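Trainee: The following block contains the structure, expressed as structure tokens.
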Amino acid sequence: MLRLREHSHLSRLARLFTILAALLPAFVLAQAQDRHEYLSLRQFGADAGLPQLTVLAIARDRAGYLYVGTQDGLSRYDGRRFENVPLEADMHGIVGKLLADDSGLWVGTDEHGLFRVLADGKVQRAQRDDGQAWPAIEALASTRDGRSVWVGTPSGLFRCEQLRCMAVPGTDGLDVSALLEGQGPEGPCLWIGTNSRGVLRFDHHESGLQRSELILDRNAGLPNSVVRALAQFGAPGGDGQPPLWIATGRGVAVLRDTRVLAHESGKDFPVGSAMAMAVARDPRGKEQLYVGLYGGGLVRFDDSGAFRAFGLDEGLPERFVYSLLALDQGADQPSQLWIGTSAAGLLRVDPGRWFSLDERQILPAPNVVAVGELQGPDGQPQVWAGTSSGAVVQDGRGGWKYLLPNPYRDHVVYSALMDPLGRLWAGTLDGLLLVQGSETRMFSADEHPLPGVSIQELLWRGGRDGELWIGTGHGLGRWRDNRFDRVNGEDERLRGAGIRALVDLSDRPGNEAAIGTSEGLFFSDGVRLRSVPAGCLPHREVMNLVRGGRDVLWVATRGGAARVALTANGFDCRALKLPGNGPKAVYALAIDRQSRLYLFGYDGGHRIDNPDALLQEGASLQYSHYGLADGLPSLEFNRDALIDREGGLWAANNAGLVAFEPDAVLPMPGPPPLRLDARSGQARLRPGQSLPYDHAPLRFDYRLLSFHAEHRIRYRSRLVGLDGSGSDWMAESEREFSRLPPGDYRFQLEARDAYGRVLRQPDIVFSVAHPWWQHPMTLALATLALLLAGLGIGRWRARALAQRAATLELEVRQRTDALAGANLRLEQASRTDPMTGVYNRRHFYASIHELLRRYERDGLWLLLVDIDHFKQINDQRGHAAGDDVLIEISRRLVAAIGESGWVVRWGGEEFLLACDASTGIEPLCRRLLDAVAATPVRAAGEPLSVSCSIGATHVQPPADGMIEHVDTIVARADAALYRAKNDGRRRAMLAGFGGDPQLHFTEVARS
């Protein structure tokens, strides 16, 4: 057994790695049982603000904020981003343990001691009463009464009351690694896990803790004596106590009554060191125990002791788990599970979120071109997926295997089916494959009378003596009686047409099949061919078909989707018009068990909850859109989607095989807290406070601490006394006012969470004082003094008094004019960026339509300008230098476009320019690139060469108003900017549509 506590120079993390290296000969996920459950995960990494990707501890404080401990300190999540929480100035180090209680958040570090973070953000250091320095903090737990904290270290156990910590008698020298207040045979007790001695039990007595004779170590049946975590979970045993679960360096053990049952690493359990445990409640209200394994992923136990393992095949980005947190979400609600990993950051299990499978789950390539179901050897349907480098199929044991045997396994498969004779047919890029037992035959257009080389779609019609319809890129073929011919071969309408979809309609009169082609939608029984009338579909080219009932087809086309009902008199065609900017091209369709319709194109996924509302005059569609923030790896889809036998949705995406659980039970947690931080300068704004007329800038920061679909949270605010009405619902969560005119104000705030619930924050009432010369009392006294002076001097001074009154009237008028001017400047200030002086987003959204009307003839160029490598400027030269660069670049951009448009500070180092499109895009972009890069910028007193990248697009408003939402147009410019940066920066890319729905990019200038 390793004894590392004698080596004080080793950090706790180094000691942990040493133990793991000795205990784990290999990290291979045990395939212990059939697994078909996938984890819908949201991943938080550096892009979310995490300072470092090793998450050693997770906790949520009473205020609702989430904290994580990493190798580079403590970080706090507010529902939008993680922000570092400095414990002391210039302190960087490992934060390995966190505990939230009523007094605040306790923070255990590896080398810097123990801290407590209060609700107001103040950080306090806890001290040992003997004055000694803290060793590594290995464990934290609240005492039974909740008034103090147990602290476990390699040198023993301590009890901290407030910030004074005392060693617990009888624990000196114990290498404490885990703590749990629980129940034992003698009543309440403290379970103590150690790094070398297993588990000890200390019973609570009036005189204090008393150590029992119990020792649970390897000799007592544990996998080994290194204990990382403890939990009590499950129904009480014969002794009336809940079982004790023990996470060890080589697996998990459970003490039930007096018997120890071990799940040892690599035997009946996944290989890995058990690092963390959390008791969670499932959607049915039943408790479950999650165990995080370093090297083995995640394991879930039910109360019977049965377990299910989750690894890469189930959606984990890696198998090395350090920490777990199960957040309680209220009565009758499932817990929310957070997972801290070694190198993949922080994960959160999100029911109702899309998840994707890629190369980590044996996909040969990320670009999935087809998805379907085949009957497996056990008679159960199994999902298969074709990629650009081969196809795979579920193996019936929770994993995947190649669909085709060698040497064909790398072939691109577009369609596959199992015929009634048990033969596998696969339509590939190179021809038609037949797999029968150990024999495989390839039928190519070069050697057989197939209409085309590429086989796009297959359909078996009839029973054992039936026929195979073969959709190719140049017509519809058929295999019957061991030979090939064409379906409706004499009809010119199908000759040369690309066959995109085939749907069997043999259960209807006429024994037809629906044929979706590049030339329209047709129906054939093999002899007679008919088509839908002109104008029935939004676009001639059909991409996909799905049945919506016995007599209904939903049709995906390059111009949208349509519902086609087959009637006695022909066809009833109804185009689907989605609210807002729905998909222009639909590549794939699916209908779930609840009759909800899913559409996939190049802008993500869309769901219609009530598609039959098309039949009801004036009815509105219940519509949802899914994008990257919902878990999709890419917005671009290919031609296939599928509802499997268990009701799960699968779709072919160009970045992976995406899946979704339409029937997932979504949690409805209690109302989340809404936090508002109002400050004038650095000082907190108090309700009822009166600010001086020359007050510091006012800033209102607000966050709804809801950890569910945060991208759907919206805010609405109003500053009564300045704003005429409340704002629209917006994603922005802060407002800033550089200077307010004198008067009384009330800041009102509402937030709307992802479930549509509206929460309100109590109003903040405050005022801004008048300058002394504008105070009403001052003016009244001045007027009275003038009147008395006039009466004293007498009527002979009447003319002089009249002249003085006129002067005073003029001064009052000037003051009034000055106040009006100040109000105007205040309005301008609310629409300008305080640092650079250019317009801000609020001005853009408020005035873009006015600018479009001004330049309606030629339209506008929208250009996103991004300063290249700006983060390096901040990191290497400091934020002051970065501010100098932003100010100078904004000045140059304003000078470059002159009076022909606007410059808007869009965010960070990005500027949005809206310019008159009568100027050519090439000279405009060249002028902007040269303006930025021509001469060095003086940053922090030193010259600095700066360049930029530009993404541009054109907007032309029609006479009846905008068709596209302005955010969609800006997104096109953002896509062009991404392409410019990806192609090497220092250039300008133009995004536009070249006569088709596909977005095209053109380089128009470079510096």
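The chains in the structure tokens are called A, B, ... from first to last as shown; in each chain the residues are counted from 1, and the ligands are counted from 1 in the order shown.
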Which of range 833-947 of chain A counts as helix (DSSP H, G or I) under DSSP, as a ChimeraX atom specification please?
Mentor: /A:841-854,870-877,879-897,921-933
Trainee: Give me the residues near Gly399 in chain A as a list in words, where near means some atom within 8 Å (using only C-alpha atoms) and where sequence neighbours in that chain fewer than 4 positions away do not count.
Mentor: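 Counting only C-alpha atoms, the residues come to Arg35, Asp313, Gln361, Gln394 and Asp395 of chain A.
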Trainee: If you keep N, CA and C atoms, can you produce a file of those selected residues as a PDB file, in the first residue's frame?
Mentor:
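Result went into out-v3.pdb, see below:
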```pdb
ATOM      1  N   ARG A  35     -26.386  -2.035 -23.312  1.00  0.00           N
ATOM      2  CA  ARG A  35     -26.603  -0.620 -23.020  1.00  0.00           C
ATOM      3  C   ARG A  35     -27.173   0.057 -24.253  1.00  0.00           C
ATOM      4  N   ASP A 313     -19.388   5.272 -25.698  1.00  0.00           N
ATOM      5  CA  ASP A 313     -20.493   4.842 -26.553  1.00  0.00           C
ATOM      6  C   ASP A 313     -21.818   5.457 -26.149  1.00  0.00           C
ATOM      7  N   GLN A 361     -17.649   6.906 -31.175  1.00  0.00           N
ATOM      8  CA  GLN A 361     -18.559   5.764 -31.071  1.00  0.00           C
ATOM      9  C   GLN A 361     -18.475   4.901 -32.329  1.00  0.00           C
ATOM     10  N   GLN A 394     -25.925  -1.017 -35.245  1.00  0.00           N
ATOM     11  CA  GLN A 394     -25.904  -1.430 -33.850  1.00  0.00           C
ATOM     12  C   GLN A 394     -25.680  -2.938 -33.754  1.00  0.00           C
ATOM     13  N   ASP A 395     -24.859  -3.342 -32.759  1.00  0.00           N
ATOM     14  CA  ASP A 395     -24.520  -4.758 -32.634  1.00  0.00           C
ATOM     15  C   ASP A 395     -25.440  -5.525 -31.693  1.00  0.00           C
TER      16      ASP A 395
END
```
Trainee: Excluding Ala57 in chain A and residues on its chain fewer than 4 positions from it, collect all residues at most 12 Å away from it, counting only C-alpha atoms, and give them as a PyMOL selection string.
Mentor: chain A and resi 53+66-71+73-76+94-100+106-109+138-140+275-277+321-325+338-342+345-346
Trainee: Out of range 477-622 of chain A, which residues get strand (DSSP E) from DSSP, as a PyMOL selection string?
Mentor: chain A and resi 477-480+483-486+499-505+512-517+520-524+529-531+542-549+552-557+560-567+570-576+586-591+597-601+605-608
Trainee: Within 8 Å of Leu863 in chain A, counting only C-alpha atoms, which residues show up once you throw out same-chain ones fewer than 2 positions away? Write them as a list in words, please.
Mentor: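 My list of contacting residues is Trp861, Val865, Leu912, Leu913, Ala914, Ile950, Gly951, Ala952, Thr953 and Ala973 of chain A.
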Trainee: Could you write those residues out with C-alpha atoms, as a compact mmCIF listing (two decimals), in the first residue's frame?
Mentor:
```txt
# COMPACT_ATOMS: atom_id res chain seq x y z
CA TRP A 861 -23.73 46.35 -46.95
CA VAL A 865 -15.05 43.62 -38.63
CA LEU A 912 -20.64 46.01 -37.25
CA LEU A 913 -20.71 48.47 -40.16
CA ALA A 914 -23.87 49.35 -42.08
CA ILE A 950 -14.21 41.19 -42.44
CA GLY A 951 -17.39 39.23 -43.10
CA ALA A 952 -19.90 41.00 -45.36
CA THR A 953 -23.36 40.43 -46.76
CA ALA A 973 -22.09 38.24 -42.14
```
Trainee: Suppose you want the space between CA of Asp858 in chain A and CA of Gly560 in chain A; what is it in Å?
Mentor: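 Computing it gives 28.7 Å between the two atoms.
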Trainee: Please provide the set of residues having any atom within 12 Å of Arg686 in chain A, restricted to only C-alpha atoms, with same-chain residues fewer than 4 positions apart removed, written as a PyMOL selection string.
Mentor: chain A and resi 676-680+690-691+747+763-767
Trainee: Any idea what's packed within 9 Å of range 445-449 of chain A, counting only C-alpha atoms, ignoring anything in its chain fewer than 4 positions away? Could you give it as a list of chain:residue names?
Mentor: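 With the cut-off at 9 Å, the set is A:Asp430, A:Gly431, A:Leu432, A:Val453, A:Ser454, A:Gly477, A:Arg483, A:Phe484, A:Asp485, A:Arg486.
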Trainee: Any chance you can output those residues with all heavy atoms as a short mmCIF file (atom, residue, chain, number, x, y, z; two decimals), in the first residue's frame?
Mentor:
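Once written, selection.cif looks like this:
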```
data_model
loop_
_atom_site.label_atom_id
_atom_site.label_comp_id
_atom_site.auth_asym_id
_atom_site.auth_seq_id
_atom_site.Cartn_x
_atom_site.Cartn_y
_atom_site.Cartn_z
N ASP A 430 -21.06 3.32 -55.39
CA ASP A 430 -20.46 2.64 -56.52
C ASP A 430 -21.36 1.57 -57.13
O ASP A 430 -20.95 0.89 -58.08
CB ASP A 430 -19.15 1.98 -56.09
CG ASP A 430 -18.20 2.99 -55.47
OD1 ASP A 430 -17.91 3.99 -56.14
OD2 ASP A 430 -17.78 2.78 -54.33
N GLY A 431 -22.54 1.35 -56.56
CA GLY A 431 -23.41 0.33 -57.11
C GLY A 431 -24.23 -0.34 -56.04
O GLY A 431 -24.37 0.14 -54.91
N LEU A 432 -24.80 -1.51 -56.39
CA LEU A 432 -25.69 -2.25 -55.51
C LEU A 432 -24.97 -3.48 -54.97
O LEU A 432 -24.38 -4.26 -55.72
CB LEU A 432 -26.94 -2.69 -56.28
CG LEU A 432 -27.98 -3.50 -55.53
CD1 LEU A 432 -28.62 -2.66 -54.42
CD2 LEU A 432 -29.05 -4.02 -56.48
N VAL A 453 -25.07 4.83 -61.71
CA VAL A 453 -23.98 4.25 -60.92
C VAL A 453 -24.30 4.30 -59.43
O VAL A 453 -24.19 3.31 -58.71
CB VAL A 453 -22.66 4.98 -61.21
CG1 VAL A 453 -21.54 4.46 -60.31
CG2 VAL A 453 -22.28 4.85 -62.67
N SER A 454 -24.71 5.47 -58.94
CA SER A 454 -24.96 5.67 -57.51
C SER A 454 -26.37 5.22 -57.16
O SER A 454 -27.35 5.63 -57.79
CB SER A 454 -24.77 7.15 -57.16
OG SER A 454 -25.13 7.40 -55.83
N GLY A 477 -34.64 1.68 -61.18
CA GLY A 477 -34.45 0.32 -61.65
C GLY A 477 -35.20 -0.67 -60.79
O GLY A 477 -35.83 -0.33 -59.79
N ARG A 483 -33.00 -10.67 -62.37
CA ARG A 483 -32.51 -9.82 -63.46
C ARG A 483 -32.97 -8.38 -63.20
O ARG A 483 -33.86 -8.12 -62.39
CB ARG A 483 -33.02 -10.31 -64.82
CG ARG A 483 -34.53 -10.24 -65.00
CD ARG A 483 -34.95 -10.82 -66.34
NE ARG A 483 -36.39 -10.72 -66.53
CZ ARG A 483 -37.02 -9.64 -67.00
NH1 ARG A 483 -36.31 -8.56 -67.36
NH2 ARG A 483 -38.33 -9.62 -67.14
N PHE A 484 -32.32 -7.45 -63.91
CA PHE A 484 -32.60 -6.02 -63.75
C PHE A 484 -33.44 -5.53 -64.92
O PHE A 484 -33.29 -5.97 -66.07
CB PHE A 484 -31.30 -5.20 -63.73
CG PHE A 484 -30.46 -5.43 -62.50
CD1 PHE A 484 -29.35 -6.24 -62.55
CD2 PHE A 484 -30.78 -4.81 -61.30
CE1 PHE A 484 -28.55 -6.45 -61.42
CE2 PHE A 484 -30.01 -5.00 -60.18
CZ PHE A 484 -28.89 -5.83 -60.23
N ASP A 485 -34.35 -4.59 -64.63
CA ASP A 485 -35.02 -3.81 -65.66
C ASP A 485 -35.37 -2.45 -65.05
O ASP A 485 -34.95 -2.13 -63.95
CB ASP A 485 -36.26 -4.53 -66.20
CG ASP A 485 -37.35 -4.72 -65.13
OD1 ASP A 485 -37.14 -4.28 -63.97
OD2 ASP A 485 -38.40 -5.32 -65.44
N ARG A 486 -36.14 -1.65 -65.78
CA ARG A 486 -36.54 -0.32 -65.30
C ARG A 486 -38.01 -0.32 -64.93
O ARG A 486 -38.83 -0.98 -65.58
CB ARG A 486 -36.31 0.75 -66.37
CG ARG A 486 -34.86 1.16 -66.57
CD ARG A 486 -34.78 2.17 -67.69
NE ARG A 486 -33.43 2.67 -67.89
CZ ARG A 486 -32.97 3.79 -67.37
NH1 ARG A 486 -33.77 4.54 -66.60
NH2 ARG A 486 -31.74 4.19 -67.59
#
```
